[in-house]
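Novice: Dropping the structure in here first, questions after.
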Amino acid sequence: MPLDRDKCTCMLDRCFCLRDRAAMPMMAARHACVSFLVLVAVIMAHQTTAKPSPSDYATEAQSIINSLLPGGSCADQAWHKLAALTDTVGNRVCGSPSLERASSYMLSVWQAEGFDNVHGENVTVPHWQRGDEECTMLSPRLGYRMQILGLGTSIGTPEGRPIEAHVLVVRNFDELAAFGKAGQVQGKIVLLNYACDWSSNPVGCYGACAKYRGEGASRAARWGAVAYLVRSLASASIGSPHTGMQRYASSKAEDQIPAAAVTVEDAEALARMQARGQDVVLRLSMGAQNLPARQARNVVAEWRGRELPDEVVLLSGHLDSWDVGVGAMDDGGGLVISWQALSTLRALHWRARRTIRVVGWVGEEFGGIGGRQYFDDHREEKVVLVIESDMGAFRPRGLSFSGGVDAASVMADVGSLLGGINATLVARDGKGYETDTQPWKAVGVPGASLISENERYFAYHHSHGDQMNVLQPGDMDLAAAVFAVTAFVVADLDEALPKGDERGEGEKGKMKEEKERQRMRKGNAGSGLAVS
Ligand SMILES: [Zn+2]
């Protein structure tokens, strides 16, 4: 959807309009033209002068914020851009035609908007297809149809036919091993019902639970299980299962059994049944397939720098999603606030000294494949700062930052420009979730990710509930303001943000990168796929 140029340049347009009215009083005409000249002067200033300190950019930051606040010339655009993408294309799972349609869609709207260097970059991505899924209880509640979602990379049930088996509910891997040693896993469907206290830890629980989704199927398979079910990783539930990636330990048949998520409610019900001594029997049918890898495209647009176009500040989110819901929150919102930041600077006619680039990654949900490919292809470029949003474009609080102490000090000054929208936080907490920009950060490139009021994120994550109504237009505008101010100031400063620091974070980063590569290789050997 092309930007509404008239709306975004309304100050200019009003001035031209007023000037042409013969009947307009002289005072108003003079006022209008003075406004016009001031605006031109501000624009000219940005075409020619860089500044030494973020605090010198208070006026520019306020102009960006004003244009995105309610009634501002660029307000409400981000949410509607995301709605147009998700309404038109829907969800965008790796290897699907809809992901390709989404890439084409993004490139065409970016071209129409007049960005620079709009193009796609090929990435080979896995192609997993869910197929039909059905899980019916045969005992004790005969005929009860459970809601399930197969996990990404899971195989289907043998020859697409149902498995009928008794269920064993365990709370963690230690219990699984204990039952395994006792010979009680053989021939069963294992349900891993790990209950984290999401109410007190609505985001952090995800990390604590992720291994049960990621590794459980092969662990259960080794003890002779015929299928693996996992309690959904969800901070709240209204009977919706949440999918996600899993990884088999190897490509050997004995490590691979069908794996799916069940709802929190059903997991708890099955645990109660077992505790009561009731015999739980399920019939499970899954048509999932891992098909040959396919080509997809990272999508790229720039607002080229006026003096140092080869130096880059990168803004990003991932374009791919799971195949349920519409992927509005994860991560259409992250990509669109990056896009909106670029649109806002374009509407203000401000070009920074350095290039600001937006990238929409593909393959994130299958292990940051597009981000890794991009790093391998562009690592020789001078990338000054990588920014990503992949934890929900909710009301922003600031940024999680990783980098050296000198860069952190500059970023803190940039953050202080966002006091008007209460988003000044620049946290060096190591909590940034940034799968796709991680390779850059691992070699010492400063990186940041959005911190927002995302306590509800895991209520919708990877479920049918990831829809447009999860995000609010005003919140997305503020998040776009954080990205626009940060990207513009860092891209325009006299000095590039320093890479690494005197404590040798660059070196540490290289070691981390090598470790990451080894992990990816291990993942590839096991399943043909890498997993984050
Ligand atoms: Zn995501």
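By order of appearance in the structure tokens: chains A, B, ..., then residues from 1 within every chain, and ligands from 1 in the order shown.
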Kindly assemble as CSV a list of the chain A residues that lie within 9 Å of ligand 1, each paired with its nearest atom pair and their distance in Å to one decimal, using only C-alpha atoms and all ligand atoms, sorted first by chain and then by ascending residue number.

Specialist:
residue,atom,partner,partner_atom_place_in_ligand_line,distance
A:Gly317,CA,ligand 1,1 (Zn),7.9
A:His318,CA,ligand 1,1 (Zn),6.5
A:Leu319,CA,ligand 1,1 (Zn),8.8
A:Asp320,CA,ligand 1,1 (Zn),8.2
A:Ser321,CA,ligand 1,1 (Zn),7.1
A:Gly327,CA,ligand 1,1 (Zn),8.7
A:Met329,CA,ligand 1,1 (Zn),8.1
A:Asp330,CA,ligand 1,1 (Zn),4.6
A:Asp331,CA,ligand 1,1 (Zn),4.9
A:Gly332,CA,ligand 1,1 (Zn),8.6
A:Gly334,CA,ligand 1,1 (Zn),8.5
A:Glu364,CA,ligand 1,1 (Zn),6.7
A:Glu365,CA,ligand 1,1 (Zn),6.5
A:Ser389,CA,ligand 1,1 (Zn),8.4
A:Asp390,CA,ligand 1,1 (Zn),4.9
A:Met391,CA,ligand 1,1 (Zn),6.7
A:Gly392,CA,ligand 1,1 (Zn),8.3
A:Tyr433,CA,ligand 1,1 (Zn),8.9
A:Glu434,CA,ligand 1,1 (Zn),8.8
A:Thr435,CA,ligand 1,1 (Zn),8.4
A:His461,CA,ligand 1,1 (Zn),8.4
A:His462,CA,ligand 1,1 (Zn),8.7

Novice: Select from range 326-438 of chain A every residue with an atom at most 12 Å from any atom of range 98-119 of chain A, then for each give the shortest pair of atoms and their distance in Å to one decimal, using only C-alpha atoms, rows by chain and rising number, as a Markdown table.

Specialist:
| residue | atom | partner | partner_atom | distance |
| --- | --- | --- | --- | --- |
| A:Val326 | CA | A:Ser98 | CA | 11.0 |
| A:Gly327 | CA | A:Leu99 | CA | 11.2 |
| A:Gly332 | CA | A:Ala102 | CA | 10.5 |
| A:Leu335 | CA | A:Met106 | CA | 10.3 |
| A:Val336 | CA | A:Met106 | CA | 10.0 |
| A:Trp339 | CA | A:Trp110 | CA | 8.8 |
| A:Gln340 | CA | A:Trp110 | CA | 10.9 |
| A:Leu342 | CA | A:Phe115 | CA | 8.5 |
| A:Ser343 | CA | A:Glu113 | CA | 8.0 |
| A:Thr344 | CA | A:Glu113 | CA | 11.4 |
| A:Leu345 | CA | A:Phe115 | CA | 10.8 |
| A:Arg346 | CA | A:Phe115 | CA | 8.1 |
| A:Ala347 | CA | A:Glu113 | CA | 10.0 |
| A:His349 | CA | A:Phe115 | CA | 11.7 |
| A:Arg351 | CA | A:Phe115 | CA | 11.5 |
| A:Thr355 | CA | A:Asp116 | CA | 9.8 |
| A:Ile356 | CA | A:Asp116 | CA | 10.0 |
| A:Arg357 | CA | A:Asp116 | CA | 9.1 |
| A:Val358 | CA | A:Val118 | CA | 9.6 |
| A:Val359 | CA | A:His119 | CA | 9.9 |
| A:Gly360 | CA | A:Ser103 | CA | 8.5 |
| A:Trp361 | CA | A:Ser103 | CA | 9.7 |
| A:Val362 | CA | A:Leu99 | CA | 8.2 |
| A:Gly363 | CA | A:Leu99 | CA | 9.8 |

Novice: Would you tabulate, counting only C-alpha atoms, all residues of range 287-392 of chain A that have an atom at most 9 Å from an atom of range 229-249 of chain A, showing the closest pair of atoms and their distance in Å to one decimal, sorted by chain then ascending number, as a tab-separated table?

Specialist:
residue	atom	partner	partner_atom	distance
A:Trp322	CA	A:Gly244	CA	7.6
A:Val324	CA	A:Thr243	CA	8.5
A:Glu365	CA	A:Met245	CA	7.0
A:Phe366	CA	A:Met245	CA	6.5
A:Gly367	CA	A:Met245	CA	8.2

Novice: Hey, what's within 9 Å of range 409-421 of chain A if we count only C-alpha atoms and toss same-chain stuff fewer than 5 positions away? As a list in words, please?

Specialist: Ser53, Pro54, Ser55, Tyr57, Ala58, Ala61, Gln62, Ile65, Pro396, Arg397, Gly398, Leu399, Phe401, Gly404, Val426, Ala427, Leu478, Ala481, Val482, Val485, Thr486, Val489, Val490 and Leu497 of chain A

Novice: Filtering to C-alpha atoms, could you give me those residues as a PDB file, in the first residue's frame?

Specialist:
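Below you can see out_6.pdb, which holds the result:
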ATOM      1  CA  SER A  53      25.907  13.856  20.368  1.00  0.00           C
ATOM      2  CA  PRO A  54      22.451  12.243  20.535  1.00  0.00           C
ATOM      3  CA  SER A  55      21.309  15.070  22.797  1.00  0.00           C
ATOM      4  CA  TYR A  57      18.819  15.623  18.128  1.00  0.00           C
ATOM      5  CA  ALA A  58      16.040  16.558  20.558  1.00  0.00           C
ATOM      6  CA  ALA A  61      13.272  13.220  17.788  1.00  0.00           C
ATOM      7  CA  GLN A  62      10.253  15.269  18.807  1.00  0.00           C
ATOM      8  CA  ILE A  65       7.367  11.354  17.674  1.00  0.00           C
ATOM      9  CA  PRO A 396       7.260   0.248  24.002  1.00  0.00           C
ATOM     10  CA  ARG A 397       9.422   0.792  27.059  1.00  0.00           C
ATOM     11  CA  GLY A 398      12.722   1.061  25.226  1.00  0.00           C
ATOM     12  CA  LEU A 399      15.413  -1.269  23.945  1.00  0.00           C
ATOM     13  CA  PHE A 401      20.960  -3.473  24.033  1.00  0.00           C
ATOM     14  CA  GLY A 404      30.320  -2.427  24.357  1.00  0.00           C
ATOM     15  CA  VAL A 426      18.126   0.953  27.373  1.00  0.00           C
ATOM     16  CA  ALA A 427      18.734  -2.296  29.199  1.00  0.00           C
ATOM     17  CA  LEU A 478       5.006   4.402  19.495  1.00  0.00           C
ATOM     18  CA  ALA A 481       8.808   6.014  16.885  1.00  0.00           C
ATOM     19  CA  VAL A 482      11.379   4.201  19.049  1.00  0.00           C
ATOM     20  CA  VAL A 485      14.391   7.941  16.415  1.00  0.00           C
ATOM     21  CA  THR A 486      17.027   5.331  17.274  1.00  0.00           C
ATOM     22  CA  VAL A 489      20.117   9.408  15.305  1.00  0.00           C
ATOM     23  CA  VAL A 490      22.581   6.496  15.201  1.00  0.00           C
ATOM     24  CA  LEU A 497      28.580   3.494  17.089  1.00  0.00           C
TER      25      LEU A 497
END

Novice: Which one of A:Ala487, A:Leu192, A:Cys209, A:Val123 sits closest to Arg354 in chain A if you count only C-alpha atoms?

Specialist: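 Closest candidate: A:Ala487.
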
Novice: Rounded to one decimal place, report the CA of Gly333 in chain A-CA of Ala293 in chain A distance in Å.

Specialist: 26.6 Å

Novice: Could you please determine the separation between CA of Arg297 in chain A and CA of Val125 in chain A in Å, to one decimal place?

Specialist: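 Those two atoms sit 9.3 Å apart.
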